[in-house]
Number of protein chains: 2
Amino acid sequence: MKTILIIEDDKDINEMLQKVLKTNGYNIKSAYSGTEALLLHGKSVDLIILDLMLPGKSGEEIIKDLKNIKNVPVIVTSAINDIDKKLDLFNLGADDYVTKPFNNDELLARIKVHLKHNLNNQDDILKIGDIELNPKTYKVICNDLEINLSKIEFEILKLLMKNENQVVTKSVLFDTVWDTMDSADENTLNVHISKIRNKLKKANPDKDYIETIWSIGYKFKN
Amino acid sequence: MKTILIIEDDKDINEMLQKVLKTNGYNIKSAYSGTEALLLHGKSVDLIILDLMLPGKSGEEIIKDLKNIKNVPVIVTSAINDIDKKLDLFNLGADDYVTKPFNNDELLARIKVHLKHNLNNQDDILKIGDIELNPKTYKVICNDLEINLSKIEFEILKLLMKNENQVVTKSVLFDTVWDTMDSADENTLNVHISKIRNKLKKANPDKDYIETIWSIGYKFKN
DNA sequence: AAAAGTGTTAAAAAACTCTTAACACAATCC
DNA sequence: GGATTGTGTTAAGAGTTTTTTAACACTTTT
């Protein structure tokens with residue numbers, strides 16, 4: 001289920017949006033100001049609906065800060081239809097700009113468009129060779145044997161498998177698996193990789209799944 | 001360079017769009033009817049701008065056919081601001097809907113958004129002759145063979161390829177690849193260049209990619 | 001022909017990684 | 001409550017790969 005962060009100071013509109021989006025199957029976080037939004041924005045948020053409210057921080061500042069935390073699609077809503085403002089926001093990374101009053105169904109359609117593009121959050125079963133990873137149940141089957149991975153181990157393997165045959169850089173791994181800025185020690189990653197390799201090797205001793213790309217990262221190869 | 005397919009029956013608007021998009025660095029294909037568009041749409045097209053008011057096939061039909069050939073972002077432009085029509089088109093796979101008359105800069109911004117999202121973003125892959133370098137995945141393919149470069153080798157080749165047919169001075173190389181002040185020995189660079197040349201030669205023995213510019217630097221020639 | 005710059009190779013040095021073990025912490029179980 | 005189990009992080013030493021250094025042959029410029 002996708003999570004949408006609503007940033008809207010108008011209480012009626014905020015609540016209306018919450019209701020509409022909830023009935024359409026989204027998980028909701030709601031904020032009534034930019035500063036509040038910054039606290040709520042994090043790993044689980046998949047898309048942001050940002051109202052260009054006037055009091056406090058400007059929309060431009062907020063969008064910058066939000067994108068800094070995590071780069072997800074931002075749909076700006078605004079009563080103002082000023083072209084310069086629009087262009088500013090697109091430049092700062094806004095993905096869409098909807099003028100108020102908007103039609104709810106159109107907003108829903110636009111949300112769909114921008115979520116569709118973000119393929120990083122698909123929860124489908126990943127099947128590569130004799131490994132099967134189910135992001136929903138946290139189950140991993142290798143060579144017909146079920147293996148137990150810890151949460152971090154699971155996240156690492158999922159990311160590697162999503163990028164099959166491509167290098168996943170260490171910085172990407174840190175950003176995705178550990179959402180804090182002061183990401184873990186390099187060594188921590190090594191240890192986890194080592195543990196994953198051991199568990200996979202136990203299930204299938206003949207294969208090497210994870211390749212080290214020296215000084216860059218790791219690659220799940222098939 | 002990205003290629004945009006313009007589908008617009010109004011001659012003036014079509015030509016205006018061509019001009020605007022060309023000056024903004026896009027490659028253009030232009031069609032004045034749906035059937036013509038279907039013939040032009042293919043592998044090289046990255047995004048479509050589709051005007052709705054076409055004689056013959058309806059916009060809905062055309063968008064279906066286009067997506068069938070190759071699923072690229074479609075921005076619909078239309079003089080009609082009918083919500084039901086809009087929703088129909090979003091359902092059929094439209095990625096954006098811009099009402100005429102539109103501001104050119106806004107259209108450009110929206111084009112950027114939808115191209116950015118395209119995961120098959122081949123944009124920053126450096127392709128020169130039979131060499132392909134992907135800065136994101138750290139992959140280098142030469143003459144259809146994948147070659148493994150170390151990190152420094154990769155950075156050097158990337159810089160040279162970015163400045164195709166231009167001399168890259170040694171000081172620029174040192175500043176870019178080694179970010180410390182006490183830049184490495186001149187000889188160090190020679191050794192790395194030598195290693196890169198060897199690996200490239202192994203993949204394609206017939207070509208000399210890197211040219212020495214005596215006492216100044218190196219040049220990736222094509 | 002001399003001087004300056006470059007190419008290549010092998011070996012030393014540095015950087016990075018892997019594994020094991022230890023510790024702290026949290027959740028679970030009797 | 002106290003013991004047990006499992007997880008995440010840190011540290012240390014061994015192991016591996018890359019990077020640099022140094023030597024010498026070679027090429028270009030003056």
# chains A, B, ... in the order shown; residues from 1 in each chain; ligands from 1

$ residues_around --residues "stretch 65-74 of chain B" --least-positions-apart "3" --cutoff "7 Å" --atoms "only C-alpha atoms (C1' of nucleotides)" --output "list in words"
Leu38, Gly42, Asp46, Leu47, Ile48, Ile49, Leu50, Glu61, Ile62, Ala94, Asp95, Asp96 and His114 of chain B

$ residues_around --residues "B:Val167" --least-positions-apart "5" --cutoff "9 Å" --atoms "only C-alpha atoms (C1' of nucleotides)" --output "ChimeraX atom specification"
/B:160,211-213,216-220

$ select_by_dssp --residues "stretch 5-220 of chain A" --states "helix (DSSP H, G or I)" --output "MDAnalysis selection string"
chainID A and resid 11:23 34:40 59:69 83:92 104:117 119:121 151:162 170:177 186:203

$ closest_atom_pairs --of "chain B" --to "chain D" --cutoff "9 Å" --atoms "only C-alpha atoms (C1' of nucleotides)" --output "tab-separated table"
residue	atom	partner	partner_atom	distance
B:Ser150	CA	D:DT18	C1'	7.4
B:Lys151	CA	D:DT18	C1'	8.8
B:Ile152	CA	D:DT19	C1'	8.8
B:Ala184	CA	D:DT20	C1'	8.3
B:Asp185	CA	D:DT20	C1'	8.3
B:Asn187	CA	D:DT21	C1'	8.7
B:Thr188	CA	D:DT20	C1'	6.4
B:Trp214	CA	D:DT28	C1'	7.8

$ closest_atom_pairs --of "chain A" --to "chain B" --cutoff "10 Å" --atoms "only C-alpha atoms" --output "tab-separated table"
residue	atom	partner	partner_atom	distance
A:Pro73	CA	B:His117	CA	9.5
A:Ile83	CA	B:Glu106	CA	7.5
A:Asp84	CA	B:Glu106	CA	9.2
A:Lys86	CA	B:Glu106	CA	7.5
A:Leu87	CA	B:Glu106	CA	6.3
A:Asp88	CA	B:Ala109	CA	9.8
A:Leu89	CA	B:Ala109	CA	9.6
A:Phe90	CA	B:Ala109	CA	6.2
A:Asn91	CA	B:Ala109	CA	7.5
A:Gly93	CA	B:Val113	CA	8.2
A:Ala94	CA	B:Val113	CA	8.2
A:Asp95	CA	B:Val113	CA	5.9
A:Asp96	CA	B:Arg110	CA	7.5
A:Tyr97	CA	B:Arg110	CA	9.4
A:Asn103	CA	B:Ile83	CA	7.8
A:Asp105	CA	B:Leu87	CA	7.3
A:Glu106	CA	B:Leu87	CA	6.4
A:Leu107	CA	B:Leu87	CA	9.8
A:Leu108	CA	B:Leu87	CA	9.5
A:Ala109	CA	B:Phe90	CA	6.2
A:Arg110	CA	B:Asp96	CA	7.6
A:Lys112	CA	B:Phe90	CA	9.0
A:Val113	CA	B:Asp95	CA	5.9
A:His114	CA	B:Asp95	CA	8.3
A:Lys116	CA	B:His117	CA	9.5
A:His117	CA	B:His117	CA	5.8
A:Asn118	CA	B:His117	CA	7.3
A:Leu119	CA	B:Leu119	CA	8.0
A:Asn120	CA	B:Leu119	CA	9.8
A:Asn163	CA	B:Thr137	CA	9.5
A:Asn165	CA	B:Thr137	CA	9.3
A:Gln166	CA	B:Thr137	CA	5.8
A:Val167	CA	B:Thr137	CA	5.1
A:Val168	CA	B:Thr137	CA	7.2
A:Thr169	CA	B:Thr137	CA	8.1
A:Ile213	CA	B:Ser150	CA	8.8
A:Trp214	CA	B:Ser150	CA	7.3
A:Ser215	CA	B:Lys151	CA	6.9
A:Ile216	CA	B:Lys151	CA	7.2
A:Gly217	CA	B:Tyr138	CA	9.9
A:Lys219	CA	B:Thr137	CA	9.6

$ select_by_dssp --residues "stretch 16-71 of chain B" --states "strand (DSSP E)" --output "PyMOL selection string"
chain B and resi 27-31+47-51

$ closest_atom_pairs --of "chain C" --to "chain A" --cutoff "12 Å" --atoms "only C-alpha atoms (C1' of nucleotides)" --output "CSV"
residue,atom,partner,partner_atom,distance
C:DA15,C1',A:Ser215,CA,8.9
C:DC16,C1',A:Ser215,CA,6.6
C:DT17,C1',A:Asn190,CA,7.4
C:DC18,C1',A:Ser194,CA,7.2
C:DT19,C1',A:Ser194,CA,7.7
C:DT20,C1',A:Val191,CA,10.2

$ residues_around --residues "A:Ile6" --least-positions-apart "3" --cutoff "12 Å" --atoms "only C-alpha atoms (C1' of nucleotides)" --output "number ranges by chain"
A: 3, 9-11, 13-22, 26-34, 36-38, 40-41, 45-52, 74-77

$ write_last_selection --atoms "N, CA and C atoms" --output "short mmCIF file (atom, residue, chain, number, x, y, z; two decimals), in the first residue's frame"
data_model
loop_
_atom_site.label_atom_id
_atom_site.label_comp_id
_atom_site.auth_asym_id
_atom_site.auth_seq_id
_atom_site.Cartn_x
_atom_site.Cartn_y
_atom_site.Cartn_z
N THR A 3 1.85 5.17 0.59
CA THR A 3 1.58 6.20 1.58
C THR A 3 1.72 7.60 0.97
N ASP A 9 -2.90 23.44 4.79
CA ASP A 9 -3.26 24.15 6.03
C ASP A 9 -4.76 24.31 6.21
N ASP A 10 -5.50 24.27 5.11
CA ASP A 10 -6.95 24.39 5.21
C ASP A 10 -7.54 23.09 5.76
N LYS A 11 -8.13 23.21 6.95
CA LYS A 11 -8.58 22.01 7.66
C LYS A 11 -9.61 21.22 6.85
N ILE A 13 -10.14 21.13 3.55
CA ILE A 13 -9.56 20.48 2.37
C ILE A 13 -8.69 19.31 2.80
N ASN A 14 -7.90 19.53 3.84
CA ASN A 14 -7.02 18.47 4.34
C ASN A 14 -7.83 17.22 4.68
N GLU A 15 -8.90 17.43 5.43
CA GLU A 15 -9.70 16.28 5.86
C GLU A 15 -10.42 15.62 4.68
N MET A 16 -10.87 16.48 3.75
CA MET A 16 -11.53 15.94 2.57
C MET A 16 -10.55 15.06 1.78
N LEU A 17 -9.33 15.57 1.61
CA LEU A 17 -8.32 14.81 0.87
C LEU A 17 -8.03 13.49 1.57
N GLN A 18 -7.88 13.55 2.88
CA GLN A 18 -7.62 12.33 3.64
C GLN A 18 -8.69 11.28 3.35
N LYS A 19 -9.94 11.75 3.38
CA LYS A 19 -11.05 10.83 3.19
C LYS A 19 -11.04 10.22 1.78
N VAL A 20 -10.89 11.10 0.80
CA VAL A 20 -10.90 10.64 -0.59
C VAL A 20 -9.77 9.64 -0.84
N LEU A 21 -8.59 9.99 -0.38
CA LEU A 21 -7.44 9.14 -0.66
C LEU A 21 -7.53 7.81 0.10
N LYS A 22 -8.05 7.90 1.32
CA LYS A 22 -8.20 6.66 2.10
C LYS A 22 -9.16 5.70 1.41
N TYR A 26 -5.25 4.40 -0.25
CA TYR A 26 -3.93 4.89 0.13
C TYR A 26 -3.81 5.02 1.63
N ASN A 27 -2.59 4.89 2.09
CA ASN A 27 -2.25 5.15 3.47
C ASN A 27 -1.91 6.64 3.58
N ILE A 28 -2.35 7.29 4.64
CA ILE A 28 -2.24 8.75 4.69
C ILE A 28 -1.41 9.23 5.88
N LYS A 29 -0.56 10.22 5.61
CA LYS A 29 0.01 11.04 6.67
C LYS A 29 -0.41 12.46 6.37
N SER A 30 -0.77 13.19 7.39
CA SER A 30 -1.31 14.52 7.14
C SER A 30 -0.58 15.56 7.98
N ALA A 31 -0.26 16.69 7.35
CA ALA A 31 0.40 17.79 8.06
C ALA A 31 -0.31 19.09 7.72
N TYR A 32 -0.30 20.02 8.67
CA TYR A 32 -0.97 21.30 8.45
C TYR A 32 0.02 22.44 8.26
N SER A 33 1.31 22.11 8.30
CA SER A 33 2.33 23.13 8.05
C SER A 33 3.58 22.46 7.49
N GLY A 34 4.45 23.30 6.95
CA GLY A 34 5.67 22.75 6.35
C GLY A 34 6.56 22.09 7.38
N GLU A 36 5.78 20.79 10.23
CA GLU A 36 5.16 19.53 10.65
C GLU A 36 5.40 18.44 9.60
N ALA A 37 5.29 18.85 8.34
CA ALA A 37 5.48 17.90 7.23
C ALA A 37 6.89 17.32 7.24
N LEU A 38 7.88 18.17 7.52
CA LEU A 38 9.26 17.71 7.50
C LEU A 38 9.51 16.62 8.54
N LEU A 40 7.19 14.47 9.49
CA LEU A 40 6.47 13.26 9.08
C LEU A 40 7.09 12.58 7.86
N HIS A 41 7.82 13.39 7.07
CA HIS A 41 8.34 12.85 5.82
C HIS A 41 9.52 11.90 6.08
N VAL A 45 7.06 7.31 3.04
CA VAL A 45 6.23 8.17 2.17
C VAL A 45 6.56 7.93 0.69
N ASP A 46 5.51 7.75 -0.12
CA ASP A 46 5.72 7.47 -1.54
C ASP A 46 5.40 8.65 -2.44
N LEU A 47 4.58 9.57 -1.94
CA LEU A 47 4.19 10.72 -2.77
C LEU A 47 3.71 11.83 -1.84
N ILE A 48 3.88 13.07 -2.27
CA ILE A 48 3.49 14.21 -1.44
C ILE A 48 2.51 15.09 -2.20
N ILE A 49 1.44 15.49 -1.53
CA ILE A 49 0.56 16.52 -2.07
C ILE A 49 0.79 17.78 -1.25
N LEU A 50 1.31 18.79 -1.90
CA LEU A 50 1.75 19.98 -1.19
C LEU A 50 0.94 21.19 -1.59
N ASP A 51 0.25 21.77 -0.62
CA ASP A 51 -0.45 23.01 -0.88
C ASP A 51 0.51 24.18 -0.71
N LEU A 52 0.41 25.13 -1.62
CA LEU A 52 1.30 26.28 -1.54
C LEU A 52 0.74 27.29 -0.56
N VAL A 74 6.20 15.01 -6.02
CA VAL A 74 5.46 16.05 -5.31
C VAL A 74 4.44 16.66 -6.26
N ILE A 75 3.17 16.59 -5.86
CA ILE A 75 2.13 17.27 -6.62
C ILE A 75 1.74 18.53 -5.87
N VAL A 76 1.95 19.67 -6.51
CA VAL A 76 1.64 20.94 -5.86
C VAL A 76 0.20 21.32 -6.19
N THR A 77 -0.52 21.73 -5.16
CA THR A 77 -1.86 22.28 -5.40
C THR A 77 -1.84 23.74 -4.98
#

$ residues_around --residues "B:Glu186" --least-positions-apart "6" --cutoff "10 Å" --atoms "only C-alpha atoms (C1' of nucleotides)" --output "ChimeraX atom specification"
/B:170-171,174

$ write_last_selection --atoms "N, CA and C atoms" --output "compact mmCIF listing (two decimals), in the first residue's frame"
# COMPACT_ATOMS: atom_id res chain seq x y z
N LYS B 170 45.97 17.38 -18.21
CA LYS B 170 46.35 16.54 -17.09
C LYS B 170 45.89 17.14 -15.77
N SER B 171 45.98 18.48 -15.69
CA SER B 171 45.57 19.10 -14.42
C SER B 171 44.08 18.90 -14.18
N PHE B 174 43.69 15.39 -12.97
CA PHE B 174 44.08 15.25 -11.56
C PHE B 174 43.02 15.84 -10.64
